[in-house]
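**Q** What follows is input.txt, made up of compact mmCIF, C-alpha atoms:
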```
# COMPACT_ATOMS: atom_id res chain seq x y z
CA MET A 22 0.00 0.00 0.00
CA LEU A 23 1.16 3.50 -0.69
CA SER A 24 2.24 5.42 2.37
CA ALA A 25 1.22 9.01 2.97
CA THR A 26 4.66 10.12 1.78
CA ASP A 27 4.36 7.99 -1.36
CA ALA A 28 0.98 9.56 -2.06
CA LEU A 29 2.44 13.05 -1.61
CA ILE A 30 5.15 12.22 -4.14
CA PHE A 31 2.62 10.91 -6.67
CA LEU A 32 0.08 13.69 -6.02
CA PRO A 33 1.37 16.46 -8.32
CA PHE A 34 1.55 14.09 -11.28
CA VAL A 35 -1.78 12.42 -10.55
CA LEU A 36 -3.50 15.78 -10.01
CA VAL A 37 -2.44 17.18 -13.38
CA LEU A 38 -3.23 13.98 -15.27
CA CYS A 39 -6.61 13.45 -13.59
CA VAL A 40 -7.69 17.03 -14.34
CA TRP A 41 -6.60 16.53 -17.97
CA VAL A 42 -8.51 13.24 -18.25
CA ALA A 43 -11.70 14.59 -16.66
CA TRP A 44 -11.67 17.76 -18.79
CA SER A 45 -10.89 15.90 -22.01
CA ASP A 46 -13.55 13.27 -21.42
CA MET A 47 -16.19 15.91 -20.71
CA LYS A 48 -15.22 18.11 -23.65
CA PHE A 49 -14.34 15.54 -26.32
CA MET A 50 -15.75 12.28 -24.87
CA LYS A 51 -12.25 10.85 -25.27
CA ILE A 52 -9.42 10.14 -22.90
CA PRO A 53 -6.12 10.92 -24.64
CA ASN A 54 -3.72 8.00 -24.98
CA LYS A 55 -0.95 10.41 -23.95
CA ALA A 56 -2.66 10.94 -20.58
CA VAL A 57 -3.06 7.20 -20.05
CA LEU A 58 0.56 6.54 -21.02
CA ALA A 59 1.75 9.39 -18.79
CA LEU A 60 -0.13 8.02 -15.77
CA GLY A 61 1.33 4.59 -16.40
CA ALA A 62 4.80 6.03 -16.94
CA VAL A 63 4.69 7.94 -13.65
CA PHE A 64 4.03 4.69 -11.81
CA LEU A 65 6.58 2.75 -13.85
CA VAL A 66 9.31 5.28 -13.04
CA ILE A 67 8.49 6.27 -9.46
CA GLY A 68 6.83 3.05 -8.27
CA PRO A 69 9.98 0.91 -7.98
CA ILE A 70 11.66 3.65 -5.95
CA LEU A 71 8.81 3.89 -3.43
CA LEU A 72 7.35 0.39 -3.22
CA PRO A 73 8.82 -2.93 -2.16
CA PHE A 74 9.71 -4.95 -5.26
CA TYR A 75 6.98 -7.56 -4.65
CA ASP A 76 4.28 -4.88 -4.33
CA TYR A 77 5.55 -3.17 -7.47
CA LEU A 78 5.36 -6.41 -9.46
CA TRP A 79 1.90 -7.13 -8.07
CA ALA A 80 0.78 -3.64 -9.12
CA LEU A 81 2.02 -4.27 -12.67
CA ALA A 82 0.26 -7.64 -12.76
CA LEU A 83 -2.99 -6.02 -11.62
CA MET A 84 -2.59 -3.37 -14.32
CA LEU A 85 -2.31 -6.09 -16.98
CA ILE A 86 -5.32 -7.96 -15.56
CA VAL A 87 -7.45 -4.80 -15.60
CA LEU A 88 -6.22 -3.95 -19.10
CA THR A 89 -7.25 -7.40 -20.33
CA ILE A 90 -10.67 -7.22 -18.70
CA GLY A 91 -11.11 -3.65 -19.96
CA PHE A 92 -10.15 -4.67 -23.48
CA LEU A 93 -12.78 -7.43 -23.41
CA MET A 94 -15.41 -5.08 -22.00
CA SER A 95 -14.56 -2.49 -24.63
CA THR A 96 -14.80 -5.11 -27.37
CA PHE A 97 -18.35 -5.87 -26.27
CA ARG A 98 -19.11 -2.13 -25.97
CA MET A 99 -19.66 -2.29 -22.23
CA VAL A 100 -17.17 0.55 -21.60
CA GLY A 101 -15.24 2.96 -23.77
CA ALA A 102 -11.72 2.05 -24.81
CA GLY A 103 -10.27 5.16 -23.16
CA ASP A 104 -12.07 4.34 -19.91
CA ALA A 105 -10.69 0.78 -20.02
CA LYS A 106 -7.13 1.98 -20.64
CA PHE A 107 -7.33 4.67 -17.97
CA ALA A 108 -8.73 2.17 -15.44
CA ALA A 109 -5.74 -0.07 -16.14
CA ALA A 110 -3.27 2.81 -15.79
CA MET A 111 -4.77 3.88 -12.46
CA THR A 112 -4.92 0.37 -10.98
CA PRO A 113 -1.30 0.19 -9.73
CA TYR A 114 -1.86 3.18 -7.46
CA PHE A 115 -4.38 1.13 -5.46
CA VAL A 116 -2.08 -1.85 -4.85
CA GLY A 117 -2.27 -3.09 -1.28
CA GLY A 118 -5.12 -0.75 -0.47
CA ASP A 119 -8.35 -1.76 1.23
CA THR A 120 -10.28 -3.43 -1.60
CA VAL A 121 -13.69 -2.66 -0.12
CA TYR A 122 -12.79 1.01 0.34
CA VAL A 123 -11.42 1.25 -3.20
CA MET A 124 -14.50 -0.40 -4.75
CA LEU A 125 -16.87 1.77 -2.71
CA LEU A 126 -14.88 4.87 -3.65
CA ILE A 127 -15.02 4.04 -7.36
CA ALA A 128 -18.72 3.16 -7.20
CA GLY A 129 -19.48 6.33 -5.25
CA CYS A 130 -17.53 8.45 -7.72
CA LEU A 131 -19.32 6.85 -10.67
CA ILE A 132 -22.73 7.53 -9.15
CA GLY A 133 -21.81 11.00 -7.89
CA ALA A 134 -20.18 12.07 -11.15
CA LEU A 135 -23.16 10.84 -13.16
CA ILE A 136 -25.61 12.81 -11.00
CA VAL A 137 -23.49 15.97 -10.94
CA HIS A 138 -22.80 15.77 -14.69
CA ARG A 139 -26.48 15.32 -15.51
CA LEU A 140 -27.42 18.24 -13.25
CA LEU A 141 -24.72 20.57 -14.58
CA ARG A 142 -25.67 19.99 -18.19
CA ARG A 143 -29.17 21.31 -17.39
CA ILE A 144 -27.85 24.65 -16.15
CA PRO A 145 -27.92 27.22 -18.97
CA ALA A 146 -24.97 29.23 -17.60
CA ILE A 147 -22.78 26.11 -17.59
CA ARG A 148 -23.87 25.16 -21.11
CA THR A 149 -23.22 28.70 -22.34
CA ALA A 150 -19.73 28.71 -20.79
CA THR A 151 -18.88 25.33 -22.37
CA PRO A 152 -20.96 25.17 -25.57
CA ASP A 153 -18.63 22.80 -27.43
CA TRP A 154 -18.47 20.08 -24.78
CA LEU A 155 -19.73 16.85 -26.34
CA SER A 156 -20.70 15.29 -23.03
CA TRP A 157 -23.59 17.74 -22.65
CA THR A 158 -25.36 16.37 -25.71
CA ARG A 159 -24.32 12.72 -25.84
CA ALA A 160 -26.36 9.99 -24.20
CA ASP A 161 -23.29 8.16 -22.90
CA PHE A 162 -21.47 9.29 -19.78
CA PRO A 163 -17.85 10.53 -19.56
CA ALA A 164 -16.68 7.89 -17.10
CA GLY A 165 -13.18 9.37 -17.15
CA LEU A 166 -14.59 12.12 -14.93
CA ALA A 167 -15.51 9.56 -12.29
CA LEU A 168 -12.38 7.42 -12.66
CA ALA A 169 -10.09 10.43 -12.44
CA GLY A 170 -12.02 11.68 -9.43
CA ALA A 171 -11.73 8.32 -7.68
CA LEU A 172 -7.97 8.13 -8.20
CA LEU A 173 -7.46 11.72 -7.10
CA ILE A 174 -9.61 11.31 -3.97
CA TYR A 175 -7.73 8.12 -3.09
CA ILE A 176 -4.29 9.71 -3.46
CA VAL A 177 -5.35 12.84 -1.56
CA SER A 178 -6.90 10.76 1.24
CA LEU A 179 -3.67 8.78 1.62
CA ALA A 180 -1.56 11.93 1.54
CA ALA A 181 -3.82 13.56 4.13
CA THR A 182 -3.07 10.80 6.65
CA ASP A 183 0.24 12.56 7.31
CA PHE A 184 -1.69 15.47 8.76
CA SER A 185 -4.38 13.61 10.70
CA GLY A 186 -3.03 13.17 14.18
```
Take the structure in the file and give it back as structure tokens.
**A**
Amino acid sequence: MLSATDALIFLPFVLVLCVWVAWSDMKFMKIPNKAVLALGAVFLVIGPILLPFYDYLWALALMLIVLTIGFLMSTFRMVGAGDAKFAAAMTPYFVGGDTVYVMLLIAGCLIGALIVHRLLRRIPAIRTATPDWLSWTRADFPAGLALAGALLIYIVSLAATDFSG
């Protein structure tokens, strides 16, 4: 599991990449491959420095498992390809974490992001400020918003443990 210090080290990179993914998915309904590769690269470079070797290898194995499952789900049009790739790239950051907490966090972010997105797209001022965002008019949901939010909340919550008594 990532320590609070590990999370603080990852935080600047994860923050920038998650904001990019959420914005891009809402505006273009696409998660850029460059963002996915960058998130994976951050873990590939920094992960072996911070994590025990066994945990690092387990994180990479989980990433490949999620990528395979995501590829299959994308093939059957259950999820978007960008969402599947981003889910795989974010998986290593959860290695050793509380599985129930992580699943509840992701589920909560999916539900919360869907509700907030659907409410925001009904507000004329928001639509006027972002008229070219595809997610306002498409029936499908920009899941990158929720996935990025879940990863960011997780990293911030781990980092915040340094400051909580």
**Q** Could you check the closest approach to Gly133 in chain A for each of A:Ile147, A:Ala171, A:Val121, A:Ala102 and tell me which residue wins, using all atoms listed in the file?
**A**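 Of A:Ile147, A:Ala171, A:Val121, A:Ala102, the one nearest Gly133 in chain A, counting all atoms listed in the file, is A:Ala171.
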**Q** Measuring between only C-alpha atoms, which one of A:Val100, A:Val66, A:Leu81, A:Val42 shows the shortest distance to Phe115 in chain A?
**A**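 Looking at the shortest contact to Phe115 in chain A, the residue is A:Leu81.
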**Q** Go ahead and compute the interatomic distance for CA of Ile127 in chain A and CA of Gly170 in chain A, in Å to one decimal.
**A**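 These two atoms are separated by 8.5 Å.
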**Q** To one decimal place in Å, what is the distance between CA of Met94 in chain A and CA of Ala109 in chain A?
**A**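 About the pair CA of Met94 in chain A and CA of Ala109 in chain A: they are 12.4 Å apart.
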**Q** List every residue of range 71-139 of chain A that has an atom at most 9 Å from any atom of range 173-181 of chain A, giving for each one its closest atom pair and the distance in Å to one decimal, counting only C-alpha atoms, sorted by chain and then by ascending residue number, as JSON lines.
**A**
```
{"residue": "A:Tyr114", "atom": "CA", "partner": "A:Ile176", "partner_atom": "CA", "distance": 8.0}
{"residue": "A:Phe115", "atom": "CA", "partner": "A:Tyr175", "partner_atom": "CA", "distance": 8.1}
{"residue": "A:Val123", "atom": "CA", "partner": "A:Tyr175", "partner_atom": "CA", "distance": 7.8}
{"residue": "A:Leu126", "atom": "CA", "partner": "A:Tyr175", "partner_atom": "CA", "distance": 7.9}
```
**Q** Rank A:Ile132, A:Ile30, A:Leu60, A:Leu65 by their smallest atom-to-atom distance to Leu78 in chain A, using all atoms listed in the file, and report the top residue only.
**A**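 Selected residue with least distance to Leu78 in chain A: A:Leu65.
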**Q** Write out as AutoDock Vina command-line options an axis-aligned box for range 129-132 of chain A: all of its atoms listed in the file, 6 Å added on each side, centre and edge lengths in Å with one decimal.
**A**
```
--center_x -20.1 --center_y 7.4 --center_z -8.0 --size_x 17.2 --size_y 14.1 --size_z 17.4
```
**Q** Need the shell around Tyr77 in chain A: protein/DNA/RNA residues with any atom at most 10 Å away, counting only C-alpha atoms. Skip same-chain ones fewer than 2 positions apart. Format as a list in words?
**A**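 Here the answer would be Met22, Phe64, Leu65, Gly68, Pro69, Ile70, Leu71, Leu72, Pro73, Phe74, Tyr75, Trp79, Ala80, Leu81, Ala82, Leu83, Pro113, Tyr114, Val116 and Gly117 of chain A.
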**Q** CA of Ser95 in chain A and CA of Leu32 in chain A, how far apart in Å?
**A**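 Result for CA of Leu32 in chain A versus CA of Ser95 in chain A: 28.7 Å, one decimal.
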**Q** Can you tell me which residues surround range 88-92 of chain A at a distance of at most 12 Å, considering only C-alpha atoms, apart from same-chain residues fewer than 4 positions away, and format the answer as a tab-separated table (two decimals) with C-alpha atoms, keeping the file's coordinate frame?
**A**
```tsv
chain	number	residue	atom	x	y	z
A	57	VAL	CA	-3.06	7.20	-20.05
A	61	GLY	CA	1.33	4.59	-16.40
A	81	LEU	CA	2.02	-4.27	-12.67
A	82	ALA	CA	0.26	-7.64	-12.76
A	83	LEU	CA	-2.99	-6.02	-11.62
A	84	MET	CA	-2.59	-3.37	-14.32
A	96	THR	CA	-14.80	-5.11	-27.37
A	97	PHE	CA	-18.35	-5.87	-26.27
A	98	ARG	CA	-19.11	-2.13	-25.97
A	99	MET	CA	-19.66	-2.29	-22.23
A	100	VAL	CA	-17.17	0.55	-21.60
A	101	GLY	CA	-15.24	2.96	-23.77
A	102	ALA	CA	-11.72	2.05	-24.81
A	103	GLY	CA	-10.27	5.16	-23.16
A	104	ASP	CA	-12.07	4.34	-19.91
A	105	ALA	CA	-10.69	0.78	-20.02
A	106	LYS	CA	-7.13	1.98	-20.64
A	107	PHE	CA	-7.33	4.67	-17.97
A	108	ALA	CA	-8.73	2.17	-15.44
A	109	ALA	CA	-5.74	-0.07	-16.14
A	110	ALA	CA	-3.27	2.81	-15.79
A	111	MET	CA	-4.77	3.88	-12.46
A	112	THR	CA	-4.92	0.37	-10.98
A	113	PRO	CA	-1.30	0.19	-9.73
```
**Q** Output range 167-179 of chain A from the block with N, CA and C atoms, as a PDB file, in the first residue's frame?
**A**
```
ATOM      1  N   ALA A 167     -15.372  10.316 -13.529  1.00  0.00           N
ATOM      2  CA  ALA A 167     -15.507   9.560 -12.286  1.00  0.00           C
ATOM      3  C   ALA A 167     -14.231   8.803 -11.930  1.00  0.00           C
ATOM      4  N   LEU A 168     -13.608   8.178 -12.922  1.00  0.00           N
ATOM      5  CA  LEU A 168     -12.383   7.418 -12.658  1.00  0.00           C
ATOM      6  C   LEU A 168     -11.263   8.330 -12.180  1.00  0.00           C
ATOM      7  N   ALA A 169     -11.114   9.473 -12.854  1.00  0.00           N
ATOM      8  CA  ALA A 169     -10.088  10.431 -12.439  1.00  0.00           C
ATOM      9  C   ALA A 169     -10.375  10.950 -11.033  1.00  0.00           C
ATOM     10  N   GLY A 170     -11.634  11.218 -10.763  1.00  0.00           N
ATOM     11  CA  GLY A 170     -12.021  11.677  -9.427  1.00  0.00           C
ATOM     12  C   GLY A 170     -11.714  10.646  -8.359  1.00  0.00           C
ATOM     13  N   ALA A 171     -11.989   9.381  -8.651  1.00  0.00           N
ATOM     14  CA  ALA A 171     -11.730   8.318  -7.677  1.00  0.00           C
ATOM     15  C   ALA A 171     -10.235   8.204  -7.376  1.00  0.00           C
ATOM     16  N   LEU A 172      -9.411   8.230  -8.416  1.00  0.00           N
ATOM     17  CA  LEU A 172      -7.968   8.134  -8.199  1.00  0.00           C
ATOM     18  C   LEU A 172      -7.460   9.336  -7.411  1.00  0.00           C
ATOM     19  N   LEU A 173      -7.916  10.506  -7.780  1.00  0.00           N
ATOM     20  CA  LEU A 173      -7.461  11.716  -7.099  1.00  0.00           C
ATOM     21  C   LEU A 173      -7.891  11.721  -5.630  1.00  0.00           C
ATOM     22  N   ILE A 174      -9.134  11.366  -5.363  1.00  0.00           N
ATOM     23  CA  ILE A 174      -9.612  11.310  -3.972  1.00  0.00           C
ATOM     24  C   ILE A 174      -8.798  10.298  -3.170  1.00  0.00           C
ATOM     25  N   TYR A 175      -8.506   9.149  -3.779  1.00  0.00           N
ATOM     26  CA  TYR A 175      -7.731   8.119  -3.091  1.00  0.00           C
ATOM     27  C   TYR A 175      -6.330   8.624  -2.731  1.00  0.00           C
ATOM     28  N   ILE A 176      -5.650   9.215  -3.709  1.00  0.00           N
ATOM     29  CA  ILE A 176      -4.287   9.706  -3.461  1.00  0.00           C
ATOM     30  C   ILE A 176      -4.302  10.828  -2.420  1.00  0.00           C
ATOM     31  N   VAL A 177      -5.255  11.738  -2.536  1.00  0.00           N
ATOM     32  CA  VAL A 177      -5.349  12.838  -1.560  1.00  0.00           C
ATOM     33  C   VAL A 177      -5.658  12.293  -0.159  1.00  0.00           C
ATOM     34  N   SER A 178      -6.551  11.310  -0.074  1.00  0.00           N
ATOM     35  CA  SER A 178      -6.897  10.759   1.238  1.00  0.00           C
ATOM     36  C   SER A 178      -5.694  10.061   1.872  1.00  0.00           C
ATOM     37  N   LEU A 179      -4.886   9.386   1.070  1.00  0.00           N
ATOM     38  CA  LEU A 179      -3.668   8.779   1.617  1.00  0.00           C
ATOM     39  C   LEU A 179      -2.673   9.848   2.045  1.00  0.00           C
TER      40      LEU A 179
END
```
